[in-house]
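Enquirer: Here's a structure for you.
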2 protein chains.
Amino acid sequence: MTTATNVPHPLPAPLVEVIAERFRVLGEPMRIRLLDALREAPASVQELQVAIGASQQNVSKHLGVLLRGGLVSRRKEGNFSLYEIADEGVFELCEQVCGGLRRQLDELDSLLPGGATR
Amino acid sequence: MTTATNVPHPLPAPLVEVIAERFRVLGEPMRIRLLDALREAPASVQELQVAIGASQQNVSKHLGVLLRGGLVSRRKEGNFSLYEIADEGVFELCEQVCGGLRRQLDELDSLLPGGATR
DNA sequence: CTCGCATACAACGATATAGTTGTGCTATGG
DNA sequence: CCATAGCACAACTATATCGTTGTATGCGAG
């Protein structure tokens, strides 16, 4: 088991806020793309800007959100700022979301004329 | 293994949008609370309204968002609408988020004077 | 059929967020 | 010392979302 976190129910209000906050940080396509771009290795703002195709300011802004959210870490390397994934768990999160989406699609598929057997 | 979804990288743009969309749906405290309240059993709008302490309209609205997001399902039972968790995977998601939060706290804790040994 | 309850939907104001523009800060090189 | 590159931050506009108010719909009771 990768994560064993037994939480009480109903969830205490502050915890709910924190959980929602983390989801909200991830609820932006550009930030997902940034995290995906950082998947293999740390990168500078410029590299990410090129990889994603957005303005430097916008990339920096979203990286700031990810940084404050604790999802990435920043270290200055000479003239550059190198961003790095702080919690590899985010990829697991994304994969689980993909799994859920796939389940939904399969369910829809089985409702189509012909079902899932065709 | 509960979910085995191998996705290509970089993530194709439409997939990024869909993933972010799902996270965005979860990025609201009230919706987290609704899902948490539905954890054990399906419930009507009124029950959820009481359990959470929000207006009927607001509860119904957020349930609509969850419904359109495919996270809950709705079935009419006489005069009531019974909402039910559609994808149990959301709880796993929340627990993983909690795990990530705990890791962050532990890391911070180890940086305090006295470290994690005190 | 009329009334009342449970729910859904539309419109509105207030707040928040995304993306742009402009600018300041720091490090490197001449 | 000055110029430049890389990055972060503030201000601004447009859009989106939250929560509320008002109302419509559907079902059961009398």
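Each chain in the structure tokens gets a letter, A, B and so on, in the order shown; residues start at 1 in every chain, and ligands are counted from 1 in the order they appear.
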Chain B residues within 7 Å of chain A, counting only C-alpha atoms: which ones, as a VMD selection string?
Expert: chain B and resid 3 to 5 10 16 to 17 19 to 21 23 to 24 26 to 29 32 to 33 36 to 37 87 89 93 95 to 100
Enquirer: Atoms to include: N, CA and C atoms. Write the selected residues as a PDB file, in the first residue's frame.
Expert:
ATOM      1  N   THR B   3      -6.183   0.288 -10.626  1.00  0.00           N
ATOM      2  CA  THR B   3      -6.209   1.064 -11.864  1.00  0.00           C
ATOM      3  C   THR B   3      -4.899   0.893 -12.615  1.00  0.00           C
ATOM      4  N   ALA B   4      -5.019   0.430 -13.857  1.00  0.00           N
ATOM      5  CA  ALA B   4      -3.834   0.307 -14.702  1.00  0.00           C
ATOM      6  C   ALA B   4      -4.093   1.079 -15.978  1.00  0.00           C
ATOM      7  N   THR B   5      -3.700   2.330 -16.000  1.00  0.00           N
ATOM      8  CA  THR B   5      -3.958   3.183 -17.152  1.00  0.00           C
ATOM      9  C   THR B   5      -2.643   3.775 -17.620  1.00  0.00           C
ATOM     10  N   PRO B  10       4.167  13.587 -23.885  1.00  0.00           N
ATOM     11  CA  PRO B  10       3.316  14.484 -23.106  1.00  0.00           C
ATOM     12  C   PRO B  10       1.838  14.183 -23.300  1.00  0.00           C
ATOM     13  N   VAL B  16      -5.677  16.405 -21.184  1.00  0.00           N
ATOM     14  CA  VAL B  16      -5.321  17.374 -20.150  1.00  0.00           C
ATOM     15  C   VAL B  16      -6.554  18.142 -19.698  1.00  0.00           C
ATOM     16  N   GLU B  17      -7.358  18.543 -20.656  1.00  0.00           N
ATOM     17  CA  GLU B  17      -8.566  19.302 -20.334  1.00  0.00           C
ATOM     18  C   GLU B  17      -9.505  18.473 -19.468  1.00  0.00           C
ATOM     19  N   ILE B  19      -8.816  15.856 -17.580  1.00  0.00           N
ATOM     20  CA  ILE B  19      -8.247  15.613 -16.251  1.00  0.00           C
ATOM     21  C   ILE B  19      -8.433  16.837 -15.371  1.00  0.00           C
ATOM     22  N   ALA B  20      -8.080  17.994 -15.905  1.00  0.00           N
ATOM     23  CA  ALA B  20      -8.206  19.235 -15.141  1.00  0.00           C
ATOM     24  C   ALA B  20      -9.658  19.471 -14.748  1.00  0.00           C
ATOM     25  N   GLU B  21     -10.544  19.169 -15.682  1.00  0.00           N
ATOM     26  CA  GLU B  21     -11.975  19.337 -15.414  1.00  0.00           C
ATOM     27  C   GLU B  21     -12.408  18.531 -14.199  1.00  0.00           C
ATOM     28  N   PHE B  23     -10.534  17.422 -11.746  1.00  0.00           N
ATOM     29  CA  PHE B  23      -9.941  18.014 -10.545  1.00  0.00           C
ATOM     30  C   PHE B  23     -10.699  19.271 -10.144  1.00  0.00           C
ATOM     31  N   ARG B  24     -11.097  20.029 -11.125  1.00  0.00           N
ATOM     32  CA  ARG B  24     -11.799  21.281 -10.845  1.00  0.00           C
ATOM     33  C   ARG B  24     -13.131  21.020 -10.151  1.00  0.00           C
ATOM     34  N   LEU B  26     -13.685  18.645  -8.187  1.00  0.00           N
ATOM     35  CA  LEU B  26     -13.375  18.257  -6.808  1.00  0.00           C
ATOM     36  C   LEU B  26     -12.789  19.413  -6.003  1.00  0.00           C
ATOM     37  N   GLY B  27     -12.509  20.524  -6.664  1.00  0.00           N
ATOM     38  CA  GLY B  27     -11.822  21.633  -6.005  1.00  0.00           C
ATOM     39  C   GLY B  27     -12.764  22.583  -5.303  1.00  0.00           C
ATOM     40  N   GLU B  28     -13.779  22.041  -4.683  1.00  0.00           N
ATOM     41  CA  GLU B  28     -14.757  22.874  -3.973  1.00  0.00           C
ATOM     42  C   GLU B  28     -15.138  22.201  -2.664  1.00  0.00           C
ATOM     43  N   PRO B  29     -14.931  22.890  -1.557  1.00  0.00           N
ATOM     44  CA  PRO B  29     -15.187  22.309  -0.245  1.00  0.00           C
ATOM     45  C   PRO B  29     -16.578  21.691  -0.123  1.00  0.00           C
ATOM     46  N   ILE B  32     -16.773  18.406  -1.855  1.00  0.00           N
ATOM     47  CA  ILE B  32     -16.055  17.376  -1.092  1.00  0.00           C
ATOM     48  C   ILE B  32     -16.936  16.897   0.053  1.00  0.00           C
ATOM     49  N   ARG B  33     -17.584  17.858   0.706  1.00  0.00           N
ATOM     50  CA  ARG B  33     -18.449  17.504   1.821  1.00  0.00           C
ATOM     51  C   ARG B  33     -19.617  16.644   1.355  1.00  0.00           C
ATOM     52  N   ASP B  36     -18.387  13.215   0.737  1.00  0.00           N
ATOM     53  CA  ASP B  36     -18.109  12.582   2.025  1.00  0.00           C
ATOM     54  C   ASP B  36     -19.406  12.130   2.702  1.00  0.00           C
ATOM     55  N   ALA B  37     -20.442  12.948   2.548  1.00  0.00           N
ATOM     56  CA  ALA B  37     -21.730  12.611   3.152  1.00  0.00           C
ATOM     57  C   ALA B  37     -22.375  11.420   2.445  1.00  0.00           C
ATOM     58  N   ASP B  87     -18.602   6.727  -8.745  1.00  0.00           N
ATOM     59  CA  ASP B  87     -17.251   6.178  -8.889  1.00  0.00           C
ATOM     60  C   ASP B  87     -16.566   6.197  -7.529  1.00  0.00           C
ATOM     61  N   GLY B  89     -13.868   5.492  -6.741  1.00  0.00           N
ATOM     62  CA  GLY B  89     -12.465   5.898  -6.838  1.00  0.00           C
ATOM     63  C   GLY B  89     -12.194   7.265  -6.248  1.00  0.00           C
ATOM     64  N   LEU B  93      -8.898   8.872  -4.287  1.00  0.00           N
ATOM     65  CA  LEU B  93      -8.264  10.128  -4.649  1.00  0.00           C
ATOM     66  C   LEU B  93      -8.068  11.002  -3.415  1.00  0.00           C
ATOM     67  N   GLU B  95      -7.996  10.174  -0.330  1.00  0.00           N
ATOM     68  CA  GLU B  95      -7.039   9.605   0.605  1.00  0.00           C
ATOM     69  C   GLU B  95      -5.613   9.834   0.142  1.00  0.00           C
ATOM     70  N   GLN B  96      -5.424   9.791  -1.176  1.00  0.00           N
ATOM     71  CA  GLN B  96      -4.087  10.038  -1.682  1.00  0.00           C
ATOM     72  C   GLN B  96      -3.679  11.481  -1.449  1.00  0.00           C
ATOM     73  N   VAL B  97      -4.639  12.373  -1.628  1.00  0.00           N
ATOM     74  CA  VAL B  97      -4.358  13.772  -1.341  1.00  0.00           C
ATOM     75  C   VAL B  97      -3.960  13.933   0.119  1.00  0.00           C
ATOM     76  N   CYS B  98      -4.707  13.271   0.990  1.00  0.00           N
ATOM     77  CA  CYS B  98      -4.387  13.330   2.412  1.00  0.00           C
ATOM     78  C   CYS B  98      -2.984  12.794   2.662  1.00  0.00           C
ATOM     79  N   GLY B  99      -2.641  11.730   1.967  1.00  0.00           N
ATOM     80  CA  GLY B  99      -1.304  11.174   2.104  1.00  0.00           C
ATOM     81  C   GLY B  99      -0.239  12.177   1.701  1.00  0.00           C
ATOM     82  N   GLY B 100      -0.488  12.856   0.591  1.00  0.00           N
ATOM     83  CA  GLY B 100       0.457  13.871   0.138  1.00  0.00           C
ATOM     84  C   GLY B 100       0.587  14.994   1.147  1.00  0.00           C
TER      85      GLY B 100
END
Enquirer: I'd like the superposed chain B, fitted onto chain A by least squares over all Cα atoms in order, as a PDB file with C-alpha atoms, in the first residue's frame.
Expert:
ATOM      1  CA  MET B   1       1.125   0.277   0.392  1.00  0.00           C
ATOM      2  CA  THR B   2       2.012   3.741  -0.758  1.00  0.00           C
ATOM      3  CA  THR B   3      -0.454   5.734   1.304  1.00  0.00           C
ATOM      4  CA  ALA B   4      -2.192   4.690   4.491  1.00  0.00           C
ATOM      5  CA  THR B   5      -4.152   7.647   5.797  1.00  0.00           C
ATOM      6  CA  ASN B   6      -7.191   6.867   7.862  1.00  0.00           C
ATOM      7  CA  VAL B   7      -9.263   9.991   8.120  1.00  0.00           C
ATOM      8  CA  PRO B   8     -12.350  10.483  10.285  1.00  0.00           C
ATOM      9  CA  HIS B   9     -15.809  10.963   8.834  1.00  0.00           C
ATOM     10  CA  PRO B  10     -17.474  13.281   8.416  1.00  0.00           C
ATOM     11  CA  LEU B  11     -14.330  15.101   7.368  1.00  0.00           C
ATOM     12  CA  PRO B  12     -13.463  17.994   9.698  1.00  0.00           C
ATOM     13  CA  ALA B  13     -14.060  21.350   8.045  1.00  0.00           C
ATOM     14  CA  PRO B  14     -10.444  22.527   7.868  1.00  0.00           C
ATOM     15  CA  LEU B  15      -9.386  19.271   6.239  1.00  0.00           C
ATOM     16  CA  VAL B  16     -12.130  19.647   3.660  1.00  0.00           C
ATOM     17  CA  GLU B  17     -10.796  23.076   2.799  1.00  0.00           C
ATOM     18  CA  VAL B  18      -7.254  21.819   2.407  1.00  0.00           C
ATOM     19  CA  ILE B  19      -8.293  18.870   0.264  1.00  0.00           C
ATOM     20  CA  ALA B  20     -10.406  21.065  -1.986  1.00  0.00           C
ATOM     21  CA  GLU B  21      -7.555  23.538  -2.212  1.00  0.00           C
ATOM     22  CA  ARG B  22      -5.214  20.894  -3.522  1.00  0.00           C
ATOM     23  CA  PHE B  23      -7.744  19.712  -6.075  1.00  0.00           C
ATOM     24  CA  ARG B  24      -8.327  23.289  -7.114  1.00  0.00           C
ATOM     25  CA  VAL B  25      -4.629  23.763  -7.779  1.00  0.00           C
ATOM     26  CA  LEU B  26      -4.755  20.735 -10.054  1.00  0.00           C
ATOM     27  CA  GLY B  27      -7.936  21.932 -11.756  1.00  0.00           C
ATOM     28  CA  GLU B  28      -6.154  23.936 -14.419  1.00  0.00           C
ATOM     29  CA  PRO B  29      -5.020  22.544 -17.763  1.00  0.00           C
ATOM     30  CA  MET B  30      -1.854  24.593 -17.871  1.00  0.00           C
ATOM     31  CA  ARG B  31      -0.777  23.431 -14.441  1.00  0.00           C
ATOM     32  CA  ILE B  32      -1.427  19.828 -15.414  1.00  0.00           C
ATOM     33  CA  ARG B  33       0.720  20.408 -18.462  1.00  0.00           C
ATOM     34  CA  LEU B  34       3.475  21.920 -16.346  1.00  0.00           C
ATOM     35  CA  LEU B  35       3.483  18.960 -13.998  1.00  0.00           C
ATOM     36  CA  ASP B  36       3.490  16.607 -16.955  1.00  0.00           C
ATOM     37  CA  ALA B  37       6.440  18.467 -18.446  1.00  0.00           C
ATOM     38  CA  LEU B  38       8.305  18.132 -15.155  1.00  0.00           C
ATOM     39  CA  ARG B  39       7.577  14.444 -15.048  1.00  0.00           C
ATOM     40  CA  GLU B  40      10.988  13.281 -16.254  1.00  0.00           C
ATOM     41  CA  ALA B  41      13.324  15.954 -15.012  1.00  0.00           C
ATOM     42  CA  PRO B  42      13.475  19.390 -13.384  1.00  0.00           C
ATOM     43  CA  ALA B  43      13.277  22.288 -15.810  1.00  0.00           C
ATOM     44  CA  SER B  44      13.709  26.029 -16.001  1.00  0.00           C
ATOM     45  CA  VAL B  45      10.906  28.459 -16.675  1.00  0.00           C
ATOM     46  CA  GLN B  46      12.189  28.987 -20.175  1.00  0.00           C
ATOM     47  CA  GLU B  47      12.238  25.290 -20.980  1.00  0.00           C
ATOM     48  CA  LEU B  48       8.721  24.917 -19.699  1.00  0.00           C
ATOM     49  CA  GLN B  49       7.648  27.994 -21.600  1.00  0.00           C
ATOM     50  CA  VAL B  50       8.926  26.458 -24.824  1.00  0.00           C
ATOM     51  CA  ALA B  51       7.555  23.003 -24.064  1.00  0.00           C
ATOM     52  CA  ILE B  52       4.090  24.283 -23.315  1.00  0.00           C
ATOM     53  CA  GLY B  53       3.879  27.293 -25.550  1.00  0.00           C
ATOM     54  CA  ALA B  54       2.729  29.998 -23.196  1.00  0.00           C
ATOM     55  CA  SER B  55       4.021  33.383 -22.131  1.00  0.00           C
ATOM     56  CA  GLN B  56       6.847  33.523 -19.632  1.00  0.00           C
ATOM     57  CA  GLN B  57       4.691  35.470 -17.209  1.00  0.00           C
ATOM     58  CA  ASN B  58       1.876  32.999 -17.358  1.00  0.00           C
ATOM     59  CA  VAL B  59       4.163  30.015 -16.886  1.00  0.00           C
ATOM     60  CA  SER B  60       5.861  31.707 -13.955  1.00  0.00           C
ATOM     61  CA  LYS B  61       2.506  32.546 -12.445  1.00  0.00           C
ATOM     62  CA  HIS B  62       1.168  29.004 -12.592  1.00  0.00           C
ATOM     63  CA  LEU B  63       4.471  27.657 -11.303  1.00  0.00           C
ATOM     64  CA  GLY B  64       4.003  30.013  -8.385  1.00  0.00           C
ATOM     65  CA  VAL B  65       0.611  28.484  -7.686  1.00  0.00           C
ATOM     66  CA  LEU B  66       2.083  24.992  -7.830  1.00  0.00           C
ATOM     67  CA  LEU B  67       4.922  26.113  -5.593  1.00  0.00           C
ATOM     68  CA  ARG B  68       2.634  27.610  -2.978  1.00  0.00           C
ATOM     69  CA  GLY B  69       0.547  24.464  -3.185  1.00  0.00           C
ATOM     70  CA  GLY B  70       3.621  22.433  -2.380  1.00  0.00           C
ATOM     71  CA  LEU B  71       3.430  20.398  -5.568  1.00  0.00           C
ATOM     72  CA  VAL B  72       6.741  21.595  -6.940  1.00  0.00           C
ATOM     73  CA  SER B  73       9.937  22.969  -5.411  1.00  0.00           C
ATOM     74  CA  ARG B  74      12.179  25.717  -6.736  1.00  0.00           C
ATOM     75  CA  ARG B  75      15.899  26.120  -6.587  1.00  0.00           C
ATOM     76  CA  LYS B  76      17.997  28.860  -8.129  1.00  0.00           C
ATOM     77  CA  GLU B  77      20.668  27.670 -10.479  1.00  0.00           C
ATOM     78  CA  GLY B  78      22.753  30.628 -11.554  1.00  0.00           C
ATOM     79  CA  ASN B  79      20.524  32.837 -13.593  1.00  0.00           C
ATOM     80  CA  PHE B  80      17.767  30.211 -13.881  1.00  0.00           C
ATOM     81  CA  SER B  81      15.064  28.883 -11.637  1.00  0.00           C
ATOM     82  CA  LEU B  82      14.814  25.135 -11.696  1.00  0.00           C
ATOM     83  CA  TYR B  83      11.432  23.736 -10.806  1.00  0.00           C
ATOM     84  CA  GLU B  84      11.020  20.165  -9.715  1.00  0.00           C
ATOM     85  CA  ILE B  85       8.187  17.870  -8.728  1.00  0.00           C
ATOM     86  CA  ALA B  86       7.936  17.951  -4.949  1.00  0.00           C
ATOM     87  CA  ASP B  87       5.411  15.158  -4.502  1.00  0.00           C
ATOM     88  CA  GLU B  88       5.518  12.323  -7.000  1.00  0.00           C
ATOM     89  CA  GLY B  89       2.090  11.340  -5.758  1.00  0.00           C
ATOM     90  CA  VAL B  90       0.480  13.783  -8.169  1.00  0.00           C
ATOM     91  CA  PHE B  91       1.153  11.420 -11.034  1.00  0.00           C
ATOM     92  CA  GLU B  92      -0.623   8.672  -9.196  1.00  0.00           C
ATOM     93  CA  LEU B  93      -3.516  11.062  -8.730  1.00  0.00           C
ATOM     94  CA  CYS B  94      -3.663  11.827 -12.439  1.00  0.00           C
ATOM     95  CA  GLU B  95      -3.516   8.175 -13.317  1.00  0.00           C
ATOM     96  CA  GLN B  96      -6.366   7.444 -10.978  1.00  0.00           C
ATOM     97  CA  VAL B  97      -8.397  10.169 -12.585  1.00  0.00           C
ATOM     98  CA  CYS B  98      -7.647   8.611 -15.946  1.00  0.00           C
ATOM     99  CA  GLY B  99      -8.776   5.283 -14.568  1.00  0.00           C
ATOM    100  CA  GLY B 100     -12.042   6.796 -13.430  1.00  0.00           C
ATOM    101  CA  LEU B 101     -12.556   8.390 -16.817  1.00  0.00           C
ATOM    102  CA  ARG B 102     -11.936   5.083 -18.509  1.00  0.00           C
ATOM    103  CA  ARG B 103     -14.443   3.345 -16.268  1.00  0.00           C
ATOM    104  CA  GLN B 104     -16.991   5.976 -17.218  1.00  0.00           C
ATOM    105  CA  LEU B 105     -16.331   5.535 -20.904  1.00  0.00           C
ATOM    106  CA  ASP B 106     -16.614   1.772 -20.626  1.00  0.00           C
ATOM    107  CA  GLU B 107     -19.911   2.143 -18.846  1.00  0.00           C
ATOM    108  CA  LEU B 108     -21.216   4.455 -21.533  1.00  0.00           C
ATOM    109  CA  ASP B 109     -19.910   2.120 -24.186  1.00  0.00           C
ATOM    110  CA  SER B 110     -21.826  -0.800 -22.752  1.00  0.00           C
ATOM    111  CA  LEU B 111     -25.016   1.210 -23.098  1.00  0.00           C
ATOM    112  CA  LEU B 112     -24.626   1.797 -26.814  1.00  0.00           C
ATOM    113  CA  PRO B 113     -26.546  -0.356 -29.296  1.00  0.00           C
ATOM    114  CA  GLY B 114     -24.473  -3.482 -29.745  1.00  0.00           C
ATOM    115  CA  GLY B 115     -23.090  -3.147 -26.255  1.00  0.00           C
ATOM    116  CA  ALA B 116     -19.506  -3.890 -25.385  1.00  0.00           C
ATOM    117  CA  THR B 117     -19.661  -7.222 -27.205  1.00  0.00           C
ATOM    118  CA  ARG B 118     -19.526  -5.808 -30.694  1.00  0.00           C
TER     119      ARG B 118
END
Enquirer: Based on the backbone DSSP call, show me all residues of chain A assigned strand (DSSP E or B), as a JSON list (two decimals) with N, CA and C atoms, in the first residue's frame.
Expert:
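Okay, states-v9.json is ready:
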[["chain", "number", "residue", "atom", "x", "y", "z"],
["A", 43, "ALA", "N", 13.16, 21.47, -14.65],
["A", 43, "ALA", "CA", 13.29, 22.33, -15.83],
["A", 43, "ALA", "C", 13.21, 23.79, -15.41],
["A", 44, "SER", "N", 13.78, 24.64, -16.25],
["A", 44, "SER", "CA", 13.71, 26.07, -16.01],
["A", 44, "SER", "C", 12.41, 26.64, -16.55],
["A", 72, "VAL", "N", 5.39, 21.60, -6.37],
["A", 72, "VAL", "CA", 6.73, 21.66, -6.95],
["A", 72, "VAL", "C", 7.64, 22.42, -6.00],
["A", 73, "SER", "N", 8.94, 22.25, -6.19],
["A", 73, "SER", "CA", 9.92, 23.02, -5.42],
["A", 73, "SER", "C", 10.78, 23.83, -6.39],
["A", 74, "ARG", "N", 11.34, 24.90, -5.89],
["A", 74, "ARG", "CA", 12.13, 25.78, -6.75],
["A", 74, "ARG", "C", 13.53, 25.92, -6.17],
["A", 75, "ARG", "N", 14.52, 25.87, -7.03],
["A", 75, "ARG", "CA", 15.88, 26.17, -6.58],
["A", 75, "ARG", "C", 16.57, 27.00, -7.66],
["A", 76, "LYS", "N", 17.30, 28.00, -7.18],
["A", 76, "LYS", "CA", 17.98, 28.89, -8.13],
["A", 76, "LYS", "C", 19.28, 28.25, -8.57],
["A", 77, "GLU", "N", 19.46, 28.19, -9.86],
["A", 77, "GLU", "CA", 20.68, 27.60, -10.43],
["A", 77, "GLU", "C", 21.29, 28.68, -11.32],
["A", 80, "PHE", "N", 19.09, 30.82, -13.61],
["A", 80, "PHE", "CA", 17.83, 30.15, -13.87],
["A", 80, "PHE", "C", 17.10, 29.80, -12.58],
["A", 81, "SER", "N", 15.84, 29.52, -12.74],
["A", 81, "SER", "CA", 15.07, 28.93, -11.64],
["A", 81, "SER", "C", 14.66, 27.53, -12.07],
["A", 82, "LEU", "N", 15.13, 26.55, -11.34],
["A", 82, "LEU", "CA", 14.80, 25.18, -11.69],
["A", 82, "LEU", "C", 13.63, 24.70, -10.85],
["A", 83, "TYR", "N", 12.59, 24.32, -11.52],
["A", 83, "TYR", "CA", 11.42, 23.78, -10.83],
["A", 83, "TYR", "C", 11.47, 22.26, -10.89],
["A", 84, "GLU", "N", 10.95, 21.67, -9.83],
["A", 84, "GLU", "CA", 11.03, 20.22, -9.70],
["A", 84, "GLU", "C", 9.78, 19.71, -9.00],
["A", 85, "ILE", "N", 9.33, 18.53, -9.39],
["A", 85, "ILE", "CA", 8.19, 17.90, -8.71],
["A", 85, "ILE", "C", 8.53, 17.69, -7.24]]
Enquirer: I'd like to know which residues of chain B are alpha helix (DSSP H) (by DSSP, run on the backbone); could you write them as a ChimeraX atom specification?
Expert: /B:13-26,29-37,45-52,56-68,89-111
Enquirer: Hey, which bits of range 2-27 of chain C sit within 12 Å of range 1-15 of chain D, and for each residue what's the closest pair of atoms and how far apart in Å (one decimal), counting only C-alpha atoms (C1' of nucleotides), rows by chain and increasing number, as a Markdown table?
Expert:
| residue | atom | partner | partner_atom | distance |
| --- | --- | --- | --- | --- |
| C:DA16 | C1' | D:DT15 | C1' | 10.3 |
| C:DT17 | C1' | D:DT15 | C1' | 8.6 |
| C:DA18 | C1' | D:DT15 | C1' | 8.1 |
| C:DG19 | C1' | D:DA14 | C1' | 9.1 |
| C:DT20 | C1' | D:DC12 | C1' | 8.5 |
| C:DT21 | C1' | D:DC12 | C1' | 8.2 |
| C:DG22 | C1' | D:DA11 | C1' | 8.5 |
| C:DT23 | C1' | D:DA10 | C1' | 8.5 |
| C:DG24 | C1' | D:DC9 | C1' | 8.0 |
| C:DC25 | C1' | D:DA8 | C1' | 8.1 |
| C:DT26 | C1' | D:DC7 | C1' | 8.9 |
| C:DA27 | C1' | D:DG6 | C1' | 8.9 |
Enquirer: Please, what distance in Å, to one decimal, runs between C1' of DA16 in chain D and C1' of DT7 in chain C?
Expert: 25.3 Å
Enquirer: With a cut-off of 8 Å and counting only C-alpha atoms (C1' of nucleotides), select all residues of chain D in contact with chain B and give the selection as a list in words.
Expert: DG19, DG26, DC27 and DG28 of chain D
Enquirer: Got time to write the residues from that selection, N, CA and C atoms (P, O5', C5', C4', C3', O3' and C1' of nucleotides), as a CSV table (one decimal), in the first residue's frame?
Expert:
chain,number,residue,atom,x,y,z
D,19,DG,P,-20.4,28.2,-2.2
D,19,DG,O5',-21.6,29.1,-1.9
D,19,DG,C5',-21.4,30.3,-1.2
D,19,DG,C4',-22.6,31.2,-1.3
D,19,DG,C3',-23.9,30.6,-0.9
D,19,DG,O3',-24.5,31.4,0.1
D,19,DG,C1',-24.2,31.6,-3.0
D,26,DG,P,-42.9,18.4,-15.4
D,26,DG,O5',-42.7,17.3,-14.4
D,26,DG,C5',-41.6,17.2,-13.6
D,26,DG,C4',-41.9,16.3,-12.3
D,26,DG,C3',-43.1,15.4,-12.5
D,26,DG,O3',-42.8,14.2,-11.8
D,26,DG,C1',-43.4,16.8,-10.6
D,27,DC,P,-43.7,12.9,-12.1
D,27,DC,O5',-44.2,12.5,-10.6
D,27,DC,C5',-43.2,12.4,-9.6
D,27,DC,C4',-43.8,12.5,-8.2
D,27,DC,C3',-45.1,11.6,-8.0
D,27,DC,O3',-44.9,10.8,-6.9
D,27,DC,C1',-45.5,13.9,-7.3
D,28,DG,P,-45.9,9.6,-6.7
D,28,DG,O5',-46.7,9.9,-5.4
D,28,DG,C5',-46.0,10.2,-4.2
D,28,DG,C4',-46.8,11.0,-3.2
D,28,DG,C3',-48.2,10.3,-2.9
D,28,DG,O3',-48.3,10.2,-1.5
D,28,DG,C1',-48.5,12.6,-3.5
